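Undergrad: target-v2.txt is reproduced in full below (compact mmCIF, C-alpha atoms).
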# COMPACT_ATOMS: atom_id res chain seq x y z
CA MET A 1 -59.66 47.49 1.67
CA SER A 2 -60.65 45.83 -1.50
CA LYS A 3 -57.22 46.49 -2.88
CA PHE A 4 -55.57 44.34 -0.25
CA LYS A 5 -58.04 41.52 -0.76
CA LYS A 6 -57.10 41.27 -4.39
CA LYS A 7 -53.51 40.61 -3.62
CA THR A 8 -54.24 37.49 -1.65
CA ASN A 9 -55.50 35.88 -4.82
CA THR A 10 -51.99 35.38 -6.15
CA SER A 11 -50.39 32.01 -5.62
CA GLN A 12 -48.63 31.67 -2.29
CA SER A 13 -46.29 28.80 -3.07
CA ILE A 14 -42.59 29.48 -2.50
CA PRO A 15 -40.52 28.82 -5.60
CA THR A 16 -38.49 25.71 -4.83
CA SER A 17 -36.92 25.26 -8.23
CA ALA A 18 -33.54 26.37 -6.93
CA LEU A 19 -33.51 23.73 -4.22
CA PRO A 20 -32.58 20.80 -6.49
CA ASP A 21 -29.73 22.85 -7.88
CA ILE A 22 -28.31 23.37 -4.43
CA ILE A 23 -28.62 19.71 -3.57
CA PHE A 24 -27.00 18.77 -6.86
CA MET A 25 -24.15 21.07 -6.09
CA LEU A 26 -23.64 19.26 -2.78
CA LEU A 27 -23.87 15.94 -4.56
CA PHE A 28 -21.25 16.88 -7.11
CA PHE A 29 -19.02 18.14 -4.36
CA PHE A 30 -19.16 14.78 -2.66
CA MET A 31 -18.71 12.90 -5.90
CA VAL A 32 -15.59 14.87 -6.71
CA THR A 33 -13.94 14.81 -3.28
CA THR A 34 -14.46 11.14 -2.55
CA VAL A 35 -12.95 8.18 -4.27
CA LEU A 36 -14.63 4.88 -4.71
CA ARG A 37 -12.63 2.11 -3.16
CA GLU A 38 -10.68 0.51 -5.97
CA SER A 39 -9.82 -2.78 -4.33
CA ASP A 40 -11.62 -5.12 -2.00
CA ILE A 41 -10.00 -5.32 1.36
CA LEU A 42 -9.52 -8.92 2.35
CA VAL A 43 -8.20 -8.29 5.84
CA GLU A 44 -9.75 -6.74 8.89
CA GLN A 45 -9.13 -3.05 9.25
CA LYS A 46 -9.54 -1.36 12.57
CA LEU A 47 -6.97 1.38 12.44
CA PRO A 48 -5.35 2.48 15.68
CA GLN A 49 -6.19 5.91 17.03
CA MET A 50 -3.32 8.30 17.50
CA THR A 51 -2.84 11.99 18.11
CA GLN A 52 0.21 13.15 16.18
CA LEU A 53 -1.07 12.67 12.67
CA GLN A 54 0.39 14.16 9.55
CA LYS A 55 -1.17 14.38 6.18
CA LEU A 56 0.46 13.22 3.01
CA GLU A 57 0.40 15.59 0.13
CA LYS A 58 0.98 13.76 -3.12
CA LYS A 59 -1.53 10.97 -3.50
CA THR A 60 0.16 9.52 -6.58
CA LEU A 61 3.25 8.66 -4.57
CA ILE A 62 1.38 6.57 -2.04
CA SER A 63 1.06 2.81 -2.22
CA TYR A 64 -1.07 0.97 0.26
CA LEU A 65 -0.36 -2.14 2.26
CA TYR A 66 -3.10 -3.65 4.35
CA VAL A 67 -2.18 -5.82 7.30
CA GLY A 68 -4.57 -7.73 9.48
CA LYS A 69 -6.41 -10.92 10.17
CA PRO A 70 -8.07 -12.23 6.99
CA LYS A 71 -11.81 -11.79 6.85
CA ASN A 72 -12.22 -15.16 5.22
CA THR A 73 -10.62 -17.27 7.93
CA ALA A 74 -11.74 -20.55 6.34
CA LEU A 75 -9.63 -19.84 3.29
CA TYR A 76 -6.68 -17.88 4.62
CA GLY A 77 -6.39 -18.85 8.28
CA THR A 78 -6.35 -16.60 11.30
CA GLU A 79 -2.77 -15.36 11.22
CA PRO A 80 -2.31 -11.72 10.13
CA ARG A 81 -1.67 -11.41 6.42
CA ILE A 82 -0.46 -8.65 4.14
CA GLN A 83 -2.57 -7.42 1.28
CA ALA A 84 -1.07 -5.51 -1.61
CA ASN A 85 -3.33 -4.42 -4.44
CA ASP A 86 -5.89 -7.23 -4.60
CA VAL A 87 -4.02 -10.23 -3.33
CA LEU A 88 -2.67 -11.53 -0.08
CA ILE A 89 1.08 -11.83 -0.19
CA GLY A 90 3.84 -13.05 2.07
CA ALA A 91 6.49 -10.78 3.51
CA LYS A 92 9.00 -12.03 0.95
CA ASP A 93 6.91 -10.72 -1.95
CA ILE A 94 7.06 -7.13 -0.72
CA LEU A 95 10.35 -6.49 -2.51
CA LEU A 96 8.80 -7.43 -5.84
CA TRP A 97 5.65 -5.47 -5.13
CA VAL A 98 7.57 -2.31 -4.21
CA ASN A 99 9.54 -2.53 -7.41
CA GLN A 100 6.33 -2.88 -9.41
CA GLU A 101 4.88 0.14 -7.66
CA LYS A 102 8.05 2.10 -8.33
CA ASP A 103 7.94 1.23 -12.02
CA ALA A 104 4.54 2.83 -12.25
CA LEU A 105 5.98 6.14 -11.10
CA SER A 106 7.99 8.54 -13.18
CA GLU A 107 11.77 8.41 -13.06
CA ALA A 108 12.20 11.46 -10.85
CA GLU A 109 9.64 10.39 -8.29
CA ARG A 110 10.76 6.81 -7.76
CA ASP A 111 12.74 7.41 -4.63
CA GLN A 112 9.95 9.45 -3.08
CA ILE A 113 7.53 6.54 -2.92
CA THR A 114 5.60 6.42 0.32
CA ILE A 115 4.11 3.27 1.72
CA SER A 116 0.99 3.76 3.75
CA MET A 117 0.64 0.77 6.00
CA LYS A 118 -2.91 0.26 7.12
CA ALA A 119 -2.47 -2.24 9.87
CA ASP A 120 -5.14 -3.54 12.17
CA LYS A 121 -4.94 -2.76 15.88
CA GLU A 122 -4.75 -6.41 16.79
CA VAL A 123 -1.61 -7.12 14.80
CA LYS A 124 1.53 -7.91 16.74
CA MET A 125 4.91 -6.36 16.05
CA GLY A 126 6.30 -9.51 14.44
CA PRO A 127 4.69 -9.10 11.01
CA ILE A 128 5.12 -5.33 11.19
CA SER A 129 8.86 -5.56 11.72
CA ASP A 130 9.12 -8.10 8.90
CA ILE A 131 7.45 -5.57 6.61
CA GLN A 132 9.74 -2.81 7.82
CA PHE A 133 12.76 -4.99 7.14
CA GLU A 134 11.57 -5.84 3.62
CA LEU A 135 10.81 -2.19 2.88
CA ARG A 136 14.33 -1.28 3.88
CA GLU A 137 15.61 -3.92 1.51
CA ALA A 138 13.43 -2.53 -1.24
CA ASP A 139 14.64 0.98 -0.50
CA ALA A 140 11.17 2.37 0.09
CA ARG A 141 11.98 4.10 3.30
CA LYS A 142 9.10 6.48 3.75
CA LEU A 143 6.58 4.56 5.75
CA MET A 144 3.36 5.85 7.18
CA TYR A 145 1.49 4.11 9.94
CA ALA A 146 -2.02 4.95 8.89
CA SER A 147 -4.24 5.76 11.82
CA THR A 148 -7.30 7.74 12.67
CA GLY A 149 -7.40 10.78 14.84
CA ARG A 150 -8.10 10.97 18.53
CA LEU A 151 -8.35 13.83 20.95
CA GLU A 152 -5.32 14.25 23.13
CA GLN A 153 -5.66 13.43 26.79
CA ASP A 154 -3.38 14.82 29.37
CA MET B 1 -60.28 31.93 -23.46
CA ALA B 2 -57.15 29.96 -24.14
CA ARG B 3 -55.13 33.05 -23.53
CA LYS B 4 -56.43 33.40 -20.05
CA LYS B 5 -55.33 29.91 -19.08
CA GLY B 6 -51.85 30.59 -20.38
CA ARG B 7 -51.49 33.47 -18.06
CA MET B 8 -51.49 31.19 -15.03
CA SER B 9 -48.11 30.23 -13.71
CA GLN B 10 -46.44 27.72 -15.96
CA GLU B 11 -43.75 26.60 -13.56
CA VAL B 12 -43.03 22.93 -13.38
CA ASN B 13 -43.28 21.64 -9.88
CA ALA B 14 -39.67 20.87 -9.06
CA GLY B 15 -40.08 20.11 -5.37
CA SER B 16 -39.74 16.38 -5.83
CA MET B 17 -36.56 16.83 -7.79
CA ALA B 18 -34.92 17.99 -4.58
CA ASP B 19 -36.01 14.76 -2.96
CA ILE B 20 -34.46 12.73 -5.74
CA ALA B 21 -31.24 14.70 -5.48
CA PHE B 22 -31.26 14.15 -1.73
CA LEU B 23 -31.58 10.42 -2.24
CA LEU B 24 -28.60 10.45 -4.57
CA LEU B 25 -26.61 12.56 -2.16
CA ILE B 26 -27.33 10.27 0.76
CA PHE B 27 -26.41 7.27 -1.36
CA PHE B 28 -23.01 8.81 -2.08
CA LEU B 29 -22.49 9.82 1.50
CA VAL B 30 -23.08 6.27 2.64
CA THR B 31 -21.15 4.39 -0.03
CA THR B 32 -18.00 6.45 -0.27
CA THR B 33 -15.25 6.87 2.24
CA ILE B 34 -13.41 10.12 2.33
CA ALA B 35 -9.84 9.13 1.59
CA SER B 36 -7.97 9.83 4.79
CA ASP B 37 -4.28 9.66 4.15
CA LYS B 38 -3.34 10.46 7.65
CA GLY B 39 -0.94 8.71 9.88
CA ILE B 40 2.36 8.80 11.64
CA LEU B 41 5.27 9.20 9.31
CA ASN B 42 8.41 7.20 9.88
CA ILE B 43 11.57 7.20 7.83
CA LEU B 44 13.21 3.81 7.94
CA PRO B 45 16.97 3.55 8.15
CA PRO B 46 18.80 2.60 4.96
CA LYS B 47 19.32 -1.06 4.32
CA GLN B 48 22.31 -2.79 5.72
CA ASP B 49 24.95 -4.32 3.55
CA PRO B 50 25.59 -7.81 4.93
CA ASN B 51 29.25 -7.58 3.96
CA VAL B 52 29.88 -4.37 5.83
CA PRO B 53 29.50 -4.54 9.58
CA PRO B 54 27.14 -1.88 10.93
CA PRO B 55 29.03 1.27 11.86
CA GLU B 56 29.84 1.55 15.50
CA ILE B 57 28.38 4.78 16.72
CA LYS B 58 29.83 5.81 20.00
CA LEU B 59 27.16 7.21 22.19
CA ASN B 60 27.21 7.54 25.88
CA GLU B 61 24.54 5.55 27.63
CA ARG B 62 23.13 8.74 29.09
CA ASN B 63 22.49 10.06 25.61
CA ILE B 64 20.06 7.28 24.84
CA PHE B 65 16.50 7.36 26.11
CA ASN B 66 15.58 3.71 26.29
CA ILE B 67 12.01 2.60 25.87
CA LEU B 68 11.44 -1.14 26.01
CA VAL B 69 8.06 -2.71 25.41
CA ASN B 70 7.68 -6.39 26.17
CA ALA B 71 5.29 -8.98 24.81
CA ASN B 72 2.79 -8.21 27.57
CA ASP B 73 2.72 -4.56 26.46
CA GLN B 74 4.48 -3.43 29.63
CA LEU B 75 6.86 -0.54 29.34
CA LEU B 76 10.31 -0.06 30.74
CA VAL B 77 11.31 3.56 30.32
CA GLU B 78 14.88 4.36 31.35
CA GLY B 79 14.83 1.43 33.72
CA ASP B 80 11.52 2.33 35.32
CA TYR B 81 8.41 0.22 34.93
CA ARG B 82 5.33 1.88 33.48
CA GLU B 83 1.83 0.59 32.95
CA ASN B 84 1.01 2.72 29.90
CA ALA B 85 2.44 5.40 27.69
CA ASN B 86 0.51 8.33 29.15
CA GLY B 87 2.69 11.33 29.85
CA LEU B 88 5.71 9.80 28.18
CA SER B 89 6.11 12.82 25.93
CA GLU B 90 6.93 15.07 28.91
CA ASP B 91 9.75 12.75 29.94
CA VAL B 92 11.07 12.70 26.40
CA LYS B 93 10.95 16.48 26.26
CA ASP B 94 12.86 16.75 29.54
CA PHE B 95 15.41 14.34 28.18
CA LEU B 96 15.87 16.18 24.89
CA LEU B 97 16.17 19.60 26.46
CA ASN B 98 18.45 18.55 29.26
CA PHE B 99 21.65 20.16 27.92
CA GLY B 100 23.82 18.27 30.37
CA ASN B 101 27.13 18.79 28.63
CA PRO B 102 26.70 21.10 25.65
CA ASP B 103 29.57 22.03 23.37
CA GLU B 104 29.86 25.50 21.88
CA GLU B 105 27.49 24.82 19.02
CA ALA B 106 24.89 23.39 21.34
CA LEU B 107 25.22 26.40 23.60
CA SER B 108 24.35 28.74 20.77
CA LEU B 109 21.37 26.52 20.01
CA PHE B 110 20.39 26.75 23.67
CA ASN B 111 20.57 30.53 23.55
CA SER B 112 18.37 30.61 20.47
CA LEU B 113 15.58 28.69 22.17
CA PRO B 114 12.60 30.56 23.58
CA GLN B 115 12.53 31.14 27.30
CA SER B 116 9.87 28.51 27.97
CA LEU B 117 12.07 25.79 26.48
CA ARG B 118 15.20 27.07 28.19
CA ASN B 119 13.45 26.76 31.53
CA ARG B 120 13.15 23.03 31.00
CA ALA B 121 16.90 22.54 30.82
CA LYS B 122 17.76 20.67 33.99
CA ARG B 123 21.48 20.37 33.25
CA GLU B 124 21.57 16.93 34.82
CA ALA B 125 24.83 15.16 34.24
CA SER B 126 23.07 11.82 34.12
CA SER B 127 20.88 12.75 31.16
CA SER B 128 21.42 13.86 27.57
CA ASP B 129 24.17 16.23 26.45
CA HIS B 130 22.25 18.28 23.89
CA PRO B 131 19.49 17.65 21.35
CA MET B 132 21.73 18.10 18.33
CA SER B 133 22.73 15.09 16.29
CA GLY B 134 24.60 12.59 18.40
CA GLY B 135 23.58 14.22 21.64
CA ALA B 136 20.21 12.66 22.32
CA VAL B 137 18.61 9.61 20.79
CA VAL B 138 15.29 8.05 21.67
CA SER B 139 15.40 4.32 21.25
CA ILE B 140 12.29 2.17 21.05
CA LYS B 141 12.69 -1.56 21.32
CA THR B 142 9.89 -4.05 21.14
CA ASN B 143 9.31 -7.78 21.16
CA ARG B 144 7.71 -9.60 18.30
CA GLY B 145 4.75 -10.18 20.55
CA THR B 146 4.22 -6.51 21.41
CA SER B 147 0.96 -5.27 20.00
CA TYR B 148 1.17 -2.77 17.19
CA ASP B 149 -1.22 -0.45 18.97
CA VAL B 150 1.05 -0.03 22.00
CA TYR B 151 4.13 0.41 19.84
CA LEU B 152 2.41 3.12 17.86
CA GLU B 153 1.24 4.75 21.05
CA VAL B 154 4.83 5.02 22.27
CA PHE B 155 5.98 6.27 18.88
CA ASP B 156 3.16 8.79 18.93
CA GLN B 157 4.25 10.12 22.32
CA VAL B 158 7.87 10.51 21.21
CA LYS B 159 6.79 12.32 18.06
CA LYS B 160 4.58 14.55 20.17
CA ALA B 161 7.57 15.62 22.24
CA TYR B 162 9.48 16.59 19.12
CA PHE B 163 6.57 18.40 17.52
CA GLU B 164 5.92 20.36 20.69
CA ILE B 165 9.53 21.50 20.78
CA TYR B 166 9.47 22.40 17.09
CA GLY B 167 6.19 24.22 17.43
CA GLU B 168 7.26 26.14 20.48
CA ARG B 169 10.40 27.38 18.75
CA VAL B 170 8.41 29.05 15.99
CA GLY B 171 5.54 30.14 18.18
CA LEU B 172 2.99 27.61 17.05
CA THR B 173 1.22 24.77 18.79
CA ALA B 174 2.28 21.24 17.94
CA GLU B 175 -0.91 20.80 15.99
CA GLN B 176 -0.30 23.86 13.85
CA TYR B 177 3.25 22.78 13.25
CA ARG B 178 2.16 19.34 12.10
CA ALA B 179 -0.26 20.92 9.65
CA LEU B 180 2.54 22.76 7.85
CA THR B 181 3.06 21.30 4.43
CA GLY B 182 6.06 23.22 3.18
CA LYS B 183 4.27 24.17 -0.01
CA THR B 184 4.78 27.88 0.36
CA PRO B 185 8.18 29.40 1.13
CA ALA B 186 6.82 30.95 4.32
CA GLU B 187 5.68 27.57 5.62
CA LYS B 188 8.93 25.95 4.56
CA GLU B 189 10.87 28.59 6.43
CA LEU B 190 8.83 27.94 9.57
CA MET B 191 9.39 24.19 9.28
CA ASP B 192 13.12 24.56 8.82
CA ARG B 193 13.42 27.02 11.65
CA GLY B 194 11.59 24.64 13.98
CA LYS B 195 13.73 21.68 13.07
CA GLU B 196 17.05 23.45 12.88
CA GLY B 197 19.67 21.82 15.05
CA ILE B 198 17.21 19.35 16.59
CA PRO B 199 16.94 16.36 14.29
CA MET B 200 14.32 13.76 15.01
CA ALA B 201 16.51 10.99 16.31
CA ILE B 202 14.20 8.06 16.95
CA SER B 203 15.84 4.71 16.73
CA ILE B 204 13.70 1.63 16.30
CA ALA B 205 15.57 -1.49 17.22
CA GLU B 206 14.95 -4.86 15.67
CA PRO B 207 12.50 -6.66 17.91
CA ASP B 208 13.49 -9.63 20.02
CA LYS B 209 12.33 -13.03 18.91
CA ILE B 210 10.30 -13.50 22.05
CA GLY B 211 6.58 -13.98 22.32
CA GLY B 212 5.52 -13.84 18.74
CA ASN B 213 5.57 -15.61 15.45
How would this structure read if it were set down as structure tokens?
TA:
Amino acid sequence: MSKFKKKTNTSQSIPTSALPDIIFMLLFFFMVTTVLRESDILVEQKLPQMTQLQKLEKKTLISYLYVGKPKNTALYGTEPRIQANDVLIGAKDILLWVNQEKDALSEAERDQITISMKADKEVKMGPISDIQFELREADARKLMYASTGRLEQD
Amino acid sequence: MARKKGRMSQEVNAGSMADIAFLLLIFFLVTTTIASDKGILNILPPKQDPNVPPPEIKLNERNIFNILVNANDQLLVEGDYRENANGLSEDVKDFLLNFGNPDEEALSLFNSLPQSLRNRAKREASSSDHPMSGGAVVSIKTNRGTSYDVYLEVFDQVKKAYFEIYGERVGLTAEQYRALTGKTPAEKELMDRGKEGIPMAISIAEPDKIGGN
């Protein structure tokens, strides 16, 4: 009996030193897989929800256009505007912008440029079709309507 | 005496370190957005040369599946009024797989389809000839005042019809087919086999100048 009693004298705390390591591993995972947003978005962004989504593979080939009502309505008005990089542009500037984006790519990849258009739900087709027309002019024909997923309903 | 003290456990209490790491983790979870490059892919037609008139493509009216969306987001599908786009993909599928007047090439395509798709062929003379190029085109026309959401919804439904056909040909669901990336030869082969002979012919007409800006 006395033998068992002696054992209870040892410390009963569970070693938790491995716990921070696990959490750090999780942390690093998140830090690596996520990207910090590189530009402020000046327009409202409520992406439409669709079912037939496809994923783009090469991230370097993607350029982003944001379309929506400006957040700062006092400065930019309430009409939907287009944002490329950090500035709001008009539809006519898209040609120039696409060419700048293409210049940043390597020679072989220039014609594979993909435009991901992140347009707000509330936008009408007018501005969208203007963008599509300008993109055709600029010969950047791969266009992606960015949207979030939704479960299919039948 | 000093020796005896040294024999006690010398572990540093690291329990609070986990808390600190958790705080950091939660901070990152909240501040970052997982980059979601997902969406509906569309290939725009090549640009038009203003000096060259657009080529006249002769297509029978029955080979075009007309979807009109007006500025009030009402749909007119093949002349019939619709309140919303639900179930549109089934109609598009019926249209594509109609095989009303197939030529020899289209017949061999028909014979290569799985039984479930062949059963859909209604052979109506008033609908599309065959899903090969020039045999069936889905046309979407909008107004400038149509909302983007509704347009995308229609586009989504048409794409769904195509993906379901592609998937069914290679024995996958539409979702599995969409997830194919073509990175490995096996996946590429599946993609090509699904698409073979049935090109995605979705025409997006220039919108009318009505009801918009």
Undergrad: Within 12 Å of Thr60 (chain A), counting all atoms listed in the file, which residues qualify if same-chain residues fewer than 6 places away don't, as a PyMOL selection string?
TA: (chain A and resi 101-102+104-106+109-110+112-116) or (chain B and resi 37)
Undergrad: Which residues of chain A are close to chain B, meaning at most 6 Å apart when you count only C-alpha atoms, and how do they look as an mmCIF file with C-alpha atoms, keeping the file's coordinate frame?
TA:
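Output file out-v4.cif is given in full below:
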data_model
loop_
_atom_site.group_PDB
_atom_site.id
_atom_site.type_symbol
_atom_site.label_atom_id
_atom_site.label_comp_id
_atom_site.auth_asym_id
_atom_site.auth_seq_id
_atom_site.Cartn_x
_atom_site.Cartn_y
_atom_site.Cartn_z
ATOM 1 C CA THR A 16 -38.490 25.710 -4.830
ATOM 2 C CA SER A 17 -36.920 25.260 -8.230
ATOM 3 C CA LEU A 19 -33.510 23.730 -4.220
ATOM 4 C CA PRO A 20 -32.580 20.800 -6.490
ATOM 5 C CA ILE A 23 -28.620 19.710 -3.570
ATOM 6 C CA LEU A 27 -23.870 15.940 -4.560
ATOM 7 C CA THR A 34 -14.460 11.140 -2.550
ATOM 8 C CA LEU A 36 -14.630 4.880 -4.710
ATOM 9 C CA GLN A 52 0.210 13.150 16.180
ATOM 10 C CA LEU A 53 -1.070 12.670 12.670
ATOM 11 C CA GLN A 54 0.390 14.160 9.550
ATOM 12 C CA LYS A 55 -1.170 14.380 6.180
ATOM 13 C CA LYS A 121 -4.940 -2.760 15.880
ATOM 14 C CA VAL A 123 -1.610 -7.120 14.800
ATOM 15 C CA LYS A 124 1.530 -7.910 16.740
ATOM 16 C CA MET A 125 4.910 -6.360 16.050
ATOM 17 C CA GLY A 126 6.300 -9.510 14.440
ATOM 18 C CA ARG A 136 14.330 -1.280 3.880
ATOM 19 C CA GLU A 137 15.610 -3.920 1.510
ATOM 20 C CA ARG A 141 11.980 4.100 3.300
ATOM 21 C CA LYS A 142 9.100 6.480 3.750
ATOM 22 C CA LEU A 143 6.580 4.560 5.750
ATOM 23 C CA MET A 144 3.360 5.850 7.180
ATOM 24 C CA TYR A 145 1.490 4.110 9.940
ATOM 25 C CA ALA A 146 -2.020 4.950 8.890
ATOM 26 C CA SER A 147 -4.240 5.760 11.820
#
Undergrad: Could you give me the axis-aligned bounding box of region 74-80 of chain A, with 3 Å of padding per side, as centre plus edge lengths in Å to one decimal, as JSON?
TA:
{"center_x": -7.0, "center_y": -16.1, "center_z": 7.3, "size_x": 15.4, "size_y": 14.8, "size_z": 14.0}
Undergrad: Kindly indicate which residue among B:Leu68, B:Leu96, B:Ile165, B:Ala136 lies nearest to Leu113 (chain B), using all atoms listed in the file for the distances.
TA: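 Among B:Leu68, B:Leu96, B:Ile165, B:Ala136, it is B:Ile165 that comes nearest to Leu113 (chain B).
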Undergrad: What is the CA of Gln100 (chain A)-CA of Val32 (chain A) distance in Å, reported with one decimal?
TA: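 The value is 28.3 Å.
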Undergrad: List the neighbours of Ser127 (chain B) out to 9 Å using all atoms listed in the file; skip same-chain residues closer than 4 positions along the sequence, and give me the result as a list in words.
TA: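 That gives Glu61, Arg62, Asn63, Ile64, Phe65, Phe95, Leu96, Asn98, Phe99, Gly100, Lys122, Arg123 and Ala136 of chain B.
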